[in-house]
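The data block below is input.cif; it holds mmCIF, C-alpha atoms.
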```cif
data_input
loop_
_atom_site.label_atom_id
_atom_site.label_comp_id
_atom_site.auth_asym_id
_atom_site.auth_seq_id
_atom_site.Cartn_x
_atom_site.Cartn_y
_atom_site.Cartn_z
CA MET A 95 -27.72 -0.63 19.27
CA LYS A 96 -31.12 -1.35 17.81
CA ILE A 97 -32.94 1.52 16.07
CA THR A 98 -36.66 0.78 16.32
CA SER A 99 -38.00 4.06 14.93
CA ARG A 100 -36.47 6.98 13.05
CA HIS A 101 -38.25 10.09 11.86
CA ILE A 102 -36.03 13.00 10.75
CA GLU A 103 -37.37 15.94 8.73
CA ARG A 104 -35.53 17.66 5.86
CA ASP A 105 -34.49 20.51 8.16
CA GLY A 106 -32.73 17.99 10.43
CA SER A 107 -35.23 18.02 13.28
CA GLY A 108 -36.83 14.81 14.42
CA ARG A 109 -36.75 11.85 16.77
CA VAL A 110 -35.04 8.47 16.95
CA THR A 111 -36.08 5.59 19.20
CA LEU A 112 -33.25 3.31 20.29
CA ILE A 113 -32.60 0.24 22.42
CA PRO A 114 -29.01 0.02 23.75
CA GLU A 115 -27.87 -3.60 23.72
CA GLU A 116 -24.41 -3.43 25.33
CA ASP A 117 -22.11 -1.19 27.36
CA GLU A 118 -20.58 0.45 24.28
CA ASP A 119 -24.05 1.60 23.23
CA MET A 120 -24.21 3.68 26.41
CA TYR A 121 -21.11 5.55 25.22
CA HIS A 122 -22.79 6.13 21.85
CA LEU A 123 -25.80 7.61 23.69
CA TYR A 124 -23.44 9.81 25.73
CA ASN A 125 -22.16 11.26 22.47
CA LEU A 126 -25.64 11.59 20.95
CA ILE A 127 -27.50 13.25 23.83
CA GLU A 128 -26.71 16.95 24.28
CA VAL A 129 -27.91 19.81 26.44
CA GLY A 130 -31.20 21.12 25.02
CA ASP A 131 -32.28 17.76 23.55
CA SER A 132 -35.39 16.04 24.85
CA VAL A 133 -35.24 12.42 26.00
CA LYS A 134 -38.20 10.13 26.69
CA ALA A 135 -37.62 6.97 28.72
CA ALA A 136 -39.08 4.80 31.46
CA ALA A 137 -38.61 6.07 35.01
CA VAL A 138 -39.57 5.23 38.55
CA ARG A 139 -40.71 8.18 40.66
CA ARG A 140 -42.01 8.45 44.19
CA VAL A 141 -45.36 10.24 44.29
CA GLN A 142 -47.63 11.29 47.12
CA SER A 143 -51.40 10.95 47.17
CA GLU A 144 -54.09 11.88 49.65
CA SER A 145 -56.52 9.19 50.70
CA SER A 146 -60.22 9.72 51.39
CA THR A 147 -59.45 9.98 55.10
CA GLY A 148 -56.98 12.80 54.53
CA SER A 149 -53.79 10.81 55.18
CA ILE A 150 -50.81 11.23 52.84
CA GLU A 151 -49.52 8.08 51.18
CA SER A 152 -46.22 7.77 49.36
CA HIS A 153 -45.53 5.09 46.75
CA ARG A 154 -43.37 4.43 43.70
CA VAL A 155 -44.87 4.65 40.24
CA ARG A 156 -43.38 3.41 36.99
CA LEU A 157 -44.06 5.84 34.15
CA ASN A 158 -42.62 7.31 30.93
CA LEU A 159 -41.12 10.79 31.31
CA THR A 160 -39.89 13.29 28.73
CA ILE A 161 -37.24 15.72 29.99
CA GLN A 162 -35.23 18.53 28.39
CA VAL A 163 -31.59 17.71 29.09
CA THR A 164 -29.49 20.00 31.28
CA LYS A 165 -26.78 17.51 32.31
CA THR A 166 -25.40 14.08 31.38
CA THR A 167 -23.26 11.85 33.61
CA PHE A 168 -21.45 8.88 32.09
CA ASP A 169 -19.67 6.12 34.03
CA ALA A 170 -17.82 3.39 32.13
CA THR A 171 -16.06 1.29 34.73
CA GLY A 172 -12.38 2.11 34.70
CA SER A 173 -12.55 4.39 31.67
CA GLU A 174 -12.18 8.11 31.11
CA ALA A 175 -13.94 10.37 28.60
CA PRO A 176 -12.81 14.01 28.64
CA PRO A 177 -15.69 16.30 27.64
CA ASP A 178 -13.66 18.76 25.54
CA PRO A 179 -9.95 18.09 24.95
CA SER A 180 -9.09 21.63 23.88
CA SER A 181 -10.51 23.04 27.11
CA SER A 182 -7.72 21.34 29.07
CA THR A 183 -5.21 23.68 27.46
CA SER A 184 -7.08 26.88 28.27
CA ALA A 185 -6.84 28.67 31.58
CA SER A 186 -10.57 29.13 31.80
CA SER A 187 -11.22 25.42 32.20
CA SER A 188 -8.61 24.49 34.76
CA SER A 189 -11.11 23.91 37.53
CA ALA A 190 -13.63 21.32 36.32
CA ALA A 191 -15.63 19.86 33.47
CA PRO A 192 -18.56 21.86 32.10
CA ALA A 193 -21.81 21.68 34.03
CA SER A 194 -23.47 20.01 31.07
CA GLU A 195 -21.35 16.86 31.44
CA ALA A 196 -19.76 14.87 34.22
CA ILE A 197 -17.65 11.77 34.57
CA SER A 198 -17.71 9.86 37.81
CA SER A 199 -14.59 9.34 39.91
CA ALA A 200 -15.02 5.60 39.46
CA ALA A 201 -14.44 6.06 35.78
CA ILE A 202 -11.16 7.84 36.39
CA VAL A 203 -9.53 5.52 38.93
CA GLY A 204 -10.70 2.32 37.29
CA GLY A 205 -13.24 -0.29 38.25
CA THR A 206 -12.66 -3.68 39.72
CA SER A 207 -15.47 -5.95 38.65
CA GLY A 208 -16.99 -4.65 35.45
CA GLU A 209 -20.43 -3.57 36.60
CA GLY A 210 -21.03 -2.04 33.18
CA ALA A 211 -21.49 1.42 31.79
CA THR A 212 -24.19 3.71 33.17
CA LEU A 213 -25.62 6.94 31.82
CA GLN A 214 -27.72 9.42 33.76
CA VAL A 215 -29.59 12.24 32.04
CA SER A 216 -30.98 15.10 34.13
CA GLY A 217 -33.40 17.86 33.23
CA ARG A 218 -36.86 19.40 33.54
CA VAL A 219 -40.02 17.50 32.63
CA VAL A 220 -41.52 18.96 29.40
CA GLU A 221 -44.53 16.64 29.02
CA GLU A 222 -47.00 16.65 31.87
CA ASN A 223 -48.74 13.50 33.10
CA GLN A 224 -51.00 12.66 36.02
CA HIS A 225 -48.10 12.05 38.42
CA VAL A 226 -45.47 14.67 37.47
CA LYS A 227 -45.97 18.37 36.81
CA MET A 228 -44.36 20.35 33.99
CA GLY A 229 -40.99 21.79 35.01
CA ALA A 230 -40.32 19.23 37.73
CA PHE A 231 -36.69 18.12 37.88
CA HIS A 232 -35.87 14.45 37.23
CA THR A 233 -32.86 12.24 36.46
CA LEU A 234 -33.33 9.34 34.06
CA ASP A 235 -31.13 6.27 34.57
CA LEU A 236 -30.66 4.91 31.07
CA GLU A 237 -30.03 1.18 31.00
CA VAL A 238 -29.13 -1.55 28.55
CA ASN A 239 -32.12 -3.22 26.82
CA ARG A 240 -34.52 -0.39 27.73
CA SER A 241 -36.01 1.76 24.99
CA LEU A 242 -35.59 5.53 24.84
CA THR A 243 -36.42 8.27 22.34
CA ILE A 244 -34.14 11.25 21.56
CA PHE A 245 -35.67 14.45 20.14
CA LYS A 246 -33.35 16.97 18.46
CA ASP A 247 -33.82 20.25 16.63
CA ASN A 248 -30.94 19.27 14.35
CA TRP A 249 -29.55 15.80 13.66
CA ASP A 250 -26.26 16.79 12.00
CA ALA A 251 -23.84 14.67 9.94
CA VAL A 252 -21.81 13.56 12.97
CA HIS A 253 -24.96 12.46 14.83
CA LEU A 254 -26.10 10.41 11.83
CA GLU A 255 -22.64 8.86 11.44
CA ARG A 256 -22.68 7.88 15.11
CA LEU A 257 -26.12 6.28 14.66
CA GLY A 258 -24.81 4.29 11.71
CA GLU A 259 -21.76 3.07 13.61
CA SER A 260 -23.75 2.11 16.69
CA SER A 261 -26.22 -0.01 14.72
CA ASP A 262 -23.61 -1.72 12.52
CA VAL A 263 -23.06 -5.23 13.91
CA GLY A 264 -19.88 -5.59 11.83
CA GLN A 265 -18.17 -2.88 13.92
CA ARG A 266 -18.41 -4.91 17.14
CA ALA A 267 -14.95 -6.46 17.03
CA GLU A 268 -14.07 -6.96 20.69
CA VAL A 269 -10.56 -7.68 21.88
CA GLY A 270 -9.35 -8.71 25.32
CA ALA A 271 -6.04 -7.46 26.68
CA VAL A 272 -4.00 -8.28 29.78
CA VAL A 273 -1.07 -5.93 30.44
CA LEU A 274 1.31 -7.53 32.93
CA GLY A 275 4.17 -6.41 35.15
CA GLU A 276 5.99 -7.89 38.14
CA GLY A 277 2.97 -8.65 40.34
CA THR A 278 0.67 -6.27 38.45
CA ALA A 279 -1.99 -6.91 35.84
CA THR A 280 -4.59 -4.77 34.08
CA VAL A 281 -7.41 -6.72 32.45
CA CYS A 282 -9.07 -4.71 29.66
CA LEU A 283 -11.77 -5.03 27.05
CA LEU A 284 -11.31 -3.09 23.81
CA THR A 285 -14.36 -2.36 21.68
CA GLY A 286 -14.79 -0.08 18.69
CA HIS A 287 -15.07 3.04 20.86
CA MET A 288 -14.01 2.09 24.39
CA THR A 289 -11.11 0.71 26.38
CA VAL A 290 -12.73 -0.59 29.56
CA VAL A 291 -10.54 -1.63 32.48
CA ARG A 292 -12.33 -4.62 34.00
CA GLN A 293 -9.89 -5.27 36.84
CA ARG A 294 -6.55 -4.11 38.22
CA ILE A 295 -4.45 -6.66 40.12
CA ASP A 296 -1.51 -5.71 42.33
CA VAL A 297 0.29 -8.34 44.41
CA ALA A 298 3.51 -7.53 46.26
CA ILE A 299 6.07 -10.18 45.29
CA PRO A 300 9.19 -10.21 47.51
CA ARG A 301 12.52 -10.32 45.70
CA LYS A 302 14.40 -13.60 45.86
CA ARG A 303 17.62 -13.27 47.84
CA LYS A 304 20.61 -15.48 47.51
CA GLY A 305 20.68 -18.11 50.24
CA ALA A 306 17.24 -17.10 51.59
CA PRO A 307 14.19 -19.43 51.35
CA SER A 308 11.97 -18.60 48.38
CA SER A 309 8.68 -19.87 49.84
CA SER A 310 7.30 -16.34 50.43
CA SER A 311 8.06 -15.23 46.87
CA ASP A 312 6.66 -18.46 45.42
CA LYS A 313 3.40 -18.09 47.36
CA SER A 314 2.93 -14.50 46.21
CA THR A 315 3.66 -15.47 42.60
CA GLN A 316 1.20 -18.36 42.82
CA ARG A 317 -1.48 -16.01 44.22
CA PHE A 318 -0.81 -13.48 41.46
CA HIS A 319 -1.11 -16.11 38.73
CA SER A 320 -4.32 -17.42 40.28
CA LEU A 321 -5.89 -13.94 40.36
CA VAL A 322 -5.00 -13.34 36.71
CA TYR A 323 -6.48 -16.72 35.76
CA SER A 324 -9.76 -15.95 37.54
CA ALA A 325 -9.98 -12.48 35.99
CA VAL A 326 -9.43 -13.78 32.45
CA LEU A 327 -12.02 -16.52 32.92
CA LYS A 328 -14.71 -14.42 34.64
CA LEU A 329 -14.33 -10.91 33.17
CA LEU A 330 -13.51 -11.60 29.53
CA ALA A 331 -16.25 -13.18 27.40
CA LEU A 332 -13.77 -15.49 25.69
CA PRO A 333 -16.09 -17.09 23.08
CA ALA A 334 -17.09 -13.64 21.76
CA LEU A 335 -13.56 -12.22 21.57
CA ARG A 336 -11.50 -12.14 18.39
CA ILE A 337 -8.17 -12.32 20.23
CA VAL A 338 -6.79 -11.87 23.75
CA ILE A 339 -3.54 -9.88 23.86
CA VAL A 340 -1.15 -10.77 26.70
CA ALA A 341 1.57 -8.12 26.91
CA SER A 342 4.44 -7.42 29.29
CA PRO A 343 8.07 -6.38 29.47
CA GLY A 344 10.40 -9.36 29.89
CA PHE A 345 9.08 -12.90 30.29
CA THR A 346 6.13 -12.32 32.63
CA LYS A 347 3.66 -12.92 29.80
CA ASP A 348 5.19 -16.33 29.08
CA THR A 349 5.06 -17.59 32.67
CA VAL A 350 1.52 -16.28 33.23
CA LEU A 351 0.16 -17.77 30.00
CA ASP A 352 1.84 -21.12 30.72
CA TYR A 353 0.16 -21.12 34.13
CA VAL A 354 -3.25 -20.22 32.62
CA PHE A 355 -3.20 -23.17 30.21
CA GLU A 356 -1.84 -25.63 32.79
CA GLU A 357 -4.44 -24.54 35.36
CA ALA A 358 -7.25 -24.79 32.77
CA THR A 359 -6.20 -28.37 32.00
CA ARG A 360 -6.06 -29.24 35.71
CA ARG A 361 -9.48 -27.71 36.43
CA GLY A 362 -11.09 -28.82 33.18
CA ASP A 363 -12.19 -25.33 32.14
CA LYS A 364 -13.26 -25.95 28.54
CA LEU A 365 -13.07 -22.26 27.56
CA LEU A 366 -9.28 -22.40 27.86
CA ILE A 367 -8.63 -25.93 26.64
CA GLY A 368 -7.84 -26.92 23.08
CA SER A 369 -5.91 -25.51 20.14
CA GLU A 370 -8.71 -23.09 19.14
CA ALA A 371 -8.73 -21.45 22.59
CA ARG A 372 -4.93 -21.21 22.61
CA ARG A 373 -4.86 -19.57 19.18
CA LYS A 374 -6.90 -16.65 20.57
CA PHE A 375 -4.09 -15.70 22.96
CA LEU A 376 -1.36 -13.55 21.46
CA LYS A 377 1.85 -12.76 23.36
CA VAL A 378 3.31 -9.31 22.63
CA HIS A 379 6.25 -7.43 24.13
CA CYS A 380 5.67 -3.94 25.56
CA SER A 381 8.04 -1.53 27.25
CA SER A 382 5.76 -0.64 30.18
CA PRO A 383 3.40 -2.63 32.45
CA HIS A 384 0.83 0.19 32.39
CA VAL A 385 -2.39 0.39 30.38
CA HIS A 386 -1.13 3.25 28.17
CA SER A 387 1.30 0.76 26.58
CA LEU A 388 -1.71 -0.63 24.67
CA MET A 389 -0.94 1.97 21.99
CA GLU A 390 2.47 0.38 21.51
CA VAL A 391 0.95 -3.12 21.54
CA LEU A 392 -1.69 -2.29 18.92
CA ARG A 393 1.00 -0.94 16.59
CA SER A 394 2.98 -4.19 16.72
CA PRO A 395 2.98 -6.15 13.42
CA GLU A 396 1.50 -9.34 14.91
CA VAL A 397 -1.48 -7.50 16.42
CA ASN A 398 -1.94 -5.16 13.49
CA ALA A 399 -2.15 -8.10 11.09
CA GLN A 400 -5.21 -9.45 12.94
CA LEU A 401 -6.91 -6.16 13.78
CA LYS A 402 -6.18 -3.93 10.78
CA ASP A 403 -9.90 -3.72 9.91
CA THR A 404 -10.96 -2.45 13.36
CA LYS A 405 -11.65 1.18 14.21
CA PHE A 406 -9.23 1.48 17.13
CA ALA A 407 -6.34 -0.10 15.16
CA ARG A 408 -6.99 2.35 12.32
CA GLU A 409 -6.93 5.25 14.79
CA GLY A 410 -3.63 4.05 16.21
CA MET A 411 -2.04 3.82 12.74
CA LEU A 412 -3.24 7.30 11.75
CA LEU A 413 -1.91 8.85 14.96
CA GLU A 414 1.45 7.14 14.48
CA LYS A 415 1.53 8.41 10.88
CA PHE A 416 0.84 11.96 12.11
CA MET A 417 3.60 11.72 14.74
CA ARG A 418 6.09 10.53 12.12
CA GLN A 419 5.05 13.38 9.82
CA LEU A 420 5.41 15.87 12.66
CA ALA A 421 8.95 14.64 13.35
CA ASN A 422 10.10 14.42 9.72
CA ASP A 423 8.11 17.13 7.88
CA GLU A 424 6.36 19.48 10.28
CA LEU A 425 5.07 21.68 7.43
CA ARG A 426 2.65 18.86 6.57
CA ALA A 427 1.54 18.06 10.14
CA TRP A 428 -0.55 20.69 11.90
CA TYR A 429 -2.46 20.52 15.16
CA GLY A 430 -4.50 22.90 17.26
CA GLU A 431 -7.94 24.31 16.46
CA LYS A 432 -6.79 27.61 14.92
CA HIS A 433 -4.12 26.09 12.67
CA VAL A 434 -6.25 23.15 11.46
CA LEU A 435 -9.08 25.55 10.54
CA LEU A 436 -6.57 27.64 8.57
CA ALA A 437 -5.37 24.55 6.71
CA ALA A 438 -8.98 23.59 5.92
CA SER A 439 -9.68 27.07 4.52
CA ARG A 440 -6.89 26.44 2.00
CA GLY A 441 -8.16 22.95 1.08
CA ALA A 442 -4.89 21.45 2.29
CA ILE A 443 -6.14 18.70 4.63
CA GLY A 444 -5.58 15.16 3.42
CA CYS A 445 -6.50 13.49 6.72
CA LEU A 446 -8.29 15.09 9.68
CA LEU A 447 -7.84 13.56 13.13
CA ILE A 448 -10.46 14.85 15.56
CA SER A 449 -11.55 13.73 19.03
CA ASP A 450 -15.20 12.94 19.71
CA GLY A 451 -14.82 15.07 22.86
CA LEU A 452 -14.89 18.20 20.70
CA PHE A 453 -18.41 17.33 19.57
CA ARG A 454 -19.53 17.35 23.22
CA ALA A 455 -18.79 21.08 23.51
CA ALA A 456 -21.27 22.89 25.75
CA GLU A 457 -21.83 25.70 23.22
CA PRO A 458 -23.89 24.64 20.15
CA ALA A 459 -21.98 27.09 17.93
CA ARG A 460 -18.67 25.45 18.86
CA ARG A 461 -19.96 21.97 18.02
CA ARG A 462 -21.42 23.27 14.75
CA LYS A 463 -17.98 24.64 13.80
CA PHE A 464 -16.41 21.19 14.09
CA VAL A 465 -19.29 19.49 12.27
CA GLU A 466 -18.87 21.96 9.37
CA LEU A 467 -15.11 21.29 9.38
CA VAL A 468 -15.71 17.54 9.04
CA GLU A 469 -18.18 18.09 6.19
CA GLU A 470 -15.82 20.51 4.41
CA VAL A 471 -12.82 18.14 4.58
CA ARG A 472 -14.91 15.26 3.21
CA LYS A 473 -16.29 17.49 0.47
CA GLN A 474 -12.70 18.29 -0.58
CA GLY A 475 -11.90 14.57 -0.80
CA GLY A 476 -10.02 14.31 2.49
CA GLU A 477 -10.26 11.52 5.05
CA VAL A 478 -11.80 12.13 8.50
CA ALA A 479 -11.10 9.96 11.54
CA ILE A 480 -13.19 10.68 14.65
CA PHE A 481 -11.16 9.32 17.57
CA SER A 482 -12.81 7.89 20.66
CA SER A 483 -11.71 9.67 23.86
CA MET A 484 -11.94 6.32 25.64
CA HIS A 485 -9.13 4.69 23.69
CA GLU A 486 -5.46 5.34 24.37
CA SER A 487 -5.06 6.84 20.88
CA GLY A 488 -7.89 9.28 21.62
CA LYS A 489 -6.31 10.29 24.91
CA GLN A 490 -3.01 10.98 23.13
CA LEU A 491 -4.82 13.06 20.53
CA ASN A 492 -6.52 14.98 23.34
CA GLY A 493 -3.02 15.83 24.56
CA LEU A 494 -2.54 17.56 21.19
CA THR A 495 -5.68 19.69 21.77
CA GLY A 496 -7.96 17.01 20.30
CA ILE A 497 -7.53 18.03 16.66
CA ALA A 498 -4.75 17.49 14.11
CA ALA A 499 -4.31 17.21 10.35
CA ILE A 500 -1.96 15.62 7.84
CA LEU A 501 -1.71 18.03 4.89
CA THR A 502 -1.61 17.13 1.21
CA TYR A 503 1.10 19.74 0.58
CA PRO A 504 3.51 21.63 2.89
CA LEU A 505 2.41 24.90 4.45
CA ASP A 506 4.43 27.18 6.69
CA ILE A 507 2.31 28.25 9.67
CA GLU A 508 4.09 31.60 10.04
CA VAL A 509 3.62 32.44 6.34
CA VAL A 510 -0.08 31.47 6.43
CA GLU A 511 -0.70 33.52 9.59
CA GLU A 512 1.03 36.51 7.99
CA GLU A 513 -1.13 36.16 4.86
CA GLU A 514 -4.24 35.98 7.05
CA LYS A 515 -3.16 39.10 8.90
CA GLU A 516 -2.63 40.99 5.61
CA GLU A 517 -6.03 39.83 4.33
CA GLU A 518 -7.69 41.01 7.55
CA GLU A 519 -6.02 44.43 7.32
CA LYS A 520 -7.06 44.72 3.66
CA ARG A 521 -10.68 43.90 4.54
CA LYS A 522 -10.66 46.51 7.30
CA GLY A 523 -9.20 49.06 4.90
CA ASN A 524 -11.87 48.36 2.28
CA ALA A 525 -14.56 48.66 4.93
CA THR A 526 -13.40 52.15 5.91
CA LEU A 527 -13.18 53.52 2.32
CA PRO A 528 -16.90 54.47 1.90
CA SER A 529 -16.96 56.39 5.19
CA GLU A 530 -13.80 58.34 4.27
CA SER A 531 -15.30 59.46 0.92
#
```
Could you rewrite the structure in this file as structure tokens?
Amino acid sequence: MKITSRHIERDGSGRVTLIPEEDEDMYHLYNLIEVGDSVKAAAVRRVQSESSTGSIESHRVRLNLTIQVTKTTFDATGSEAPPDPSSSTSASSSSAAPASEAISSAAIVGGTSGEGATLQVSGRVVEENQHVKMGAFHTLDLEVNRSLTIFKDNWDAVHLERLGESSDVGQRAEVGAVVLGEGTATVCLLTGHMTVVRQRIDVAIPRKRKGAPSSSSDKSTQRFHSLVYSAVLKLLALPALRIVIVASPGFTKDTVLDYVFEEATRRGDKLLIGSEARRKFLKVHCSSPHVHSLMEVLRSPEVNAQLKDTKFAREGMLLEKFMRQLANDELRAWYGEKHVLLAASRGAIGCLLISDGLFRAAEPARRRKFVELVEEVRKQGGEVAIFSSMHESGKQLNGLTGIAAILTYPLDIEVVEEEEKEEEEKRKGNATLPSES
């Protein structure tokens, strides 16, 4: 993301002009733009005009519009970004996502060709021009390489951190991944904040039977290998990738990768020929042929050695550390909004794990609570990891309400809650003393 202009006052209000340069930048914008913000961007709108003869003419006009946001809709092909993880555990949110945010069905089921991320921002026009009246409703289609300006009443610490991450070229460590099964393949692209499914392949391969001709099975296998080869070549930008992980249970990864290199030599595809190209491909065992096994793959020593400096690998290691702590010493591993806030009030948090979905809460007061929590933990010397909801580690954290903490010293939840209850009763008692006298 390129920041072309930035003007933020001491009270936190101000504007930032940005140019998204890649799909991941659209996800950054999705996390930056909130209900109540104003966004200025180029738009195309159909307008009507009356000619001198009295006839009505309709034509499209390109213009810059400023709207006050009422809704955002994000679509990253084949990816999923829950708006508020903790809401999934409450009965009040069992029906749908909040009106302020939406995620397209394409994002949930997975894309097939990698059309790229899209972000739509809807709202009322707040700056009048000659073609559009104040208060008119409009939806801006934000696109890569097109400038936009975001106006906020308060750019908080999490917003500013997101801006820093999005504009840091060093954070763009992209990794390709192909998770294989018997006739199935999921081709993914992993960036700092997103796991994007570029294509899903599913070919029915008949089982070989003793004494029966194997031509049908061989043809299906050949077709499957050919589809995987084409997907790797067309959907993964191989020169820009650090590594390409090929994972599967059993030996599927070996046979597929052998085919890929043999076919590249036969066709003369230079991107896959030579020792340098081969070194990028890393074979890893996984227990499942599904995309969620990427968490297991990223924790493997061979992958971790090459990706230990990346954000998503760090998230995976922290989540694994929390799970181990929860299994071995549960007094030092707390999760859930109420309990983590209690631990923070006692200065006991050594590492806070929090989902970026919590910062997309519809209520400003709820978001502010989590921002203050992050600032408080950092002030006390603790570490804060903001997990992306579009990585497998973020989705697992969302299953734990989206917030967890590794404590610096053991605390018993029941004892802490009892102490809080006694403190509350004491405060109520002190409050009633003046009236009784």
### Task
Using all atoms listed in the file, pick whichever of A:Ile497, A:Val478, A:Val468, A:Val269 has the shortest atom-to-atom distance to Lys432 of chain A.
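Closest to Lys432 of chain A, using all atoms listed in the file: A:Ile497.
Across the chains present, the PyMOL selection byres ((chain A and resi 404) around 12) applied to this file returns A:Gly264, A:Gln265, A:Arg266, A:Ala267, A:Glu268, A:Val269, A:Leu284, A:Thr285, A:Gly286, A:His287, A:Arg336, A:Leu392, A:Val397, A:Asn398, A:Ala399, A:Gln400, A:Leu401, A:Lys402, A:Asp403, A:Lys405, A:Phe406, A:Ala407, A:Arg408, A:Glu409, A:Gly410, A:Met411.
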Centre and size of axis-aligned box enclosing segment 410-423 of chain A plus 4 Å each side, as AutoDock Vina command-line options:
```
--center_x 3.2 --center_y 10.5 --center_z 12.0 --size_x 21.7 --size_y 21.3 --size_z 16.3
```
### Query
If you measure from atom CA of Arg317 of chain A to atom CA of Val340 of chain A, what distance in Å do you get, rounded to one decimal?
18.3 Å
### Task
Point out the residue among A:Glu370, A:Asp131, A:Asp450, A:Glu519 with the least atom-to-atom distance to Ile480 of chain A, counting all atoms listed in the file.
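Using all atoms listed in the file, Ile480 of chain A sits closest to A:Asp450.
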### Message
Evaluated on this file, the PyMOL selection byres ((chain A and resi 211) around 6) picks out some residues - which ones are they, written as a PyMOL selection string?
### Response
chain A and resi 117+169-170+210+212
